[in-house]
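Q: The structure that follows is given in the form of structure tokens.
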Amino acid sequence: RIPSSGSSYSYVYVALGEWPAYIAAWCLSLECGLSSSAVARNWGVKLQTYLTSTRVADTGVNVFAGLLELCTVGIFYGGVGVGQLAVNVFTTLKVLLICFMIVVGLWLWTPGLVAADPAPMGVSGILRGATSCFFGYVGYDEVCCLSSEALDPKRTVPRAVLGTVLAVTLLYCVASLALVGMLDFRDIDPQAGFAGAFRWRGVGWAAEATA
């Protein structure tokens, strides 16, 4: 019943009409813009911990984040093949890096650091943590955009979405446990948590690899 593959825009266009679809398209653009800028900023901060900082004081300019956005635009203009290759490479590297941080963090586990109270900062701390984790779940609707490319979308697309959501959730939980198990949560660097924790514990090589 849907004349073309697509995200929320196509579905809203068919169900509600052109103007609601126009609003939905702008919301999708806003989602992609905000999420990409947040990720670029985070990567820029981490790169600054590894290289000499180029941030202009008192202005909030992050040169590395801007360069990352320009690289992303270049990959986009390279076409589907270049984009798919970039996604596969970076996804593999990210998962390997997270597994590395988990293994080293558990190796540096210190009994007694994990508080008996599962929520020492209360409900507000849980909400702040959930807000930070939210960005890890942005973009799963893009899987539905590729349903026309799947051989059996009714079977494979739901499995792909659920499988990736569960995998990300598992990695988030285990990584968080490893981080608070090797450093008191009050001493964790909000900008570079694992890198700062590894340096705090004297494992410089792991901090450099993480940063």
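In the structure tokens, chains take letters A, B, ... by order of appearance, with residues numbered from 1 within each chain and ligands from 1 in the order shown.
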Please provide the set of residues having any atom within 12 Å of Leu108 (chain A), restricted to only C-alpha atoms, with same-chain residues fewer than 5 positions apart removed, written as a PyMOL selection string.
A: chain A and resi 101-103+113+177-183+194+197-203+206
Q: Name the residues of region 3-197 of chain A that fall into helix (DSSP H, G or I) according to DSSP on the backbone, using the chain letters and numbers of this document, as JSON, numbers by chain.
A: {"A": [8, 9, 10, 11, 12, 13, 14, 15, 18, 19, 20, 21, 22, 23, 24, 25, 26, 27, 28, 29, 30, 31, 32, 33, 34, 35, 36, 37, 38, 39, 40, 41, 42, 43, 44, 45, 46, 47, 48, 49, 50, 63, 64, 65, 66, 67, 68, 69, 70, 71, 72, 73, 74, 75, 76, 77, 80, 81, 82, 83, 84, 85, 86, 87, 88, 89, 90, 91, 92, 93, 94, 95, 96, 97, 98, 99, 100, 101, 102, 103, 104, 105, 106, 107, 122, 123, 124, 125, 126, 127, 128, 129, 130, 131, 132, 133, 134, 135, 136, 137, 141, 142, 143, 144, 145, 147, 148, 149, 153, 154, 155, 156, 157, 158, 159, 160, 161, 162, 163, 164, 165, 166, 167, 168, 169, 170, 171, 172, 173, 174, 175, 176, 177, 178, 179, 180, 181, 182, 185, 186, 187, 193, 194, 195, 196, 197]}
Q: Can you measure CA of Tyr13 (chain A) to CA of Ser29 (chain A) for me? One decimal in Å is fine.
A: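 So the answer is 15.9 Å.
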Q: Which residues are close to region 89-95 of chain A, i.e. within 9 Å by only C-alpha atoms, leaving aside same-chain residues fewer than 5 positions away? Reply as an MDAnalysis selection string.
A: chainID A and resid 84 100 171
Q: Please determine, counting only C-alpha atoms, which residue among A:Val12, A:Cys133, A:Leu96, A:Ala119 has the shortest atom-to-atom distance to Ser35 (chain A).
A: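 Among A:Val12, A:Cys133, A:Leu96, A:Ala119, it is A:Cys133 that comes nearest to Ser35 (chain A).
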Q: Counting only C-alpha atoms, figure out which residue out of A:Ala21, A:Val87, A:Val165, A:Thr210 gets nearest to Val104 (chain A).
A: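 Closest residue, counting only C-alpha atoms: A:Thr210.
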Q: Quick one: distance from CA of Tyr9 (chain A) to CA of Ser147 (chain A) in Å, one decimal?
A: 14.5 Å
Q: Which residue gives the smallest distance to Val161 (chain A) among A:Glu18, A:Val82, A:Leu47, A:Val143, with only C-alpha atoms counted?
A: A:Val143
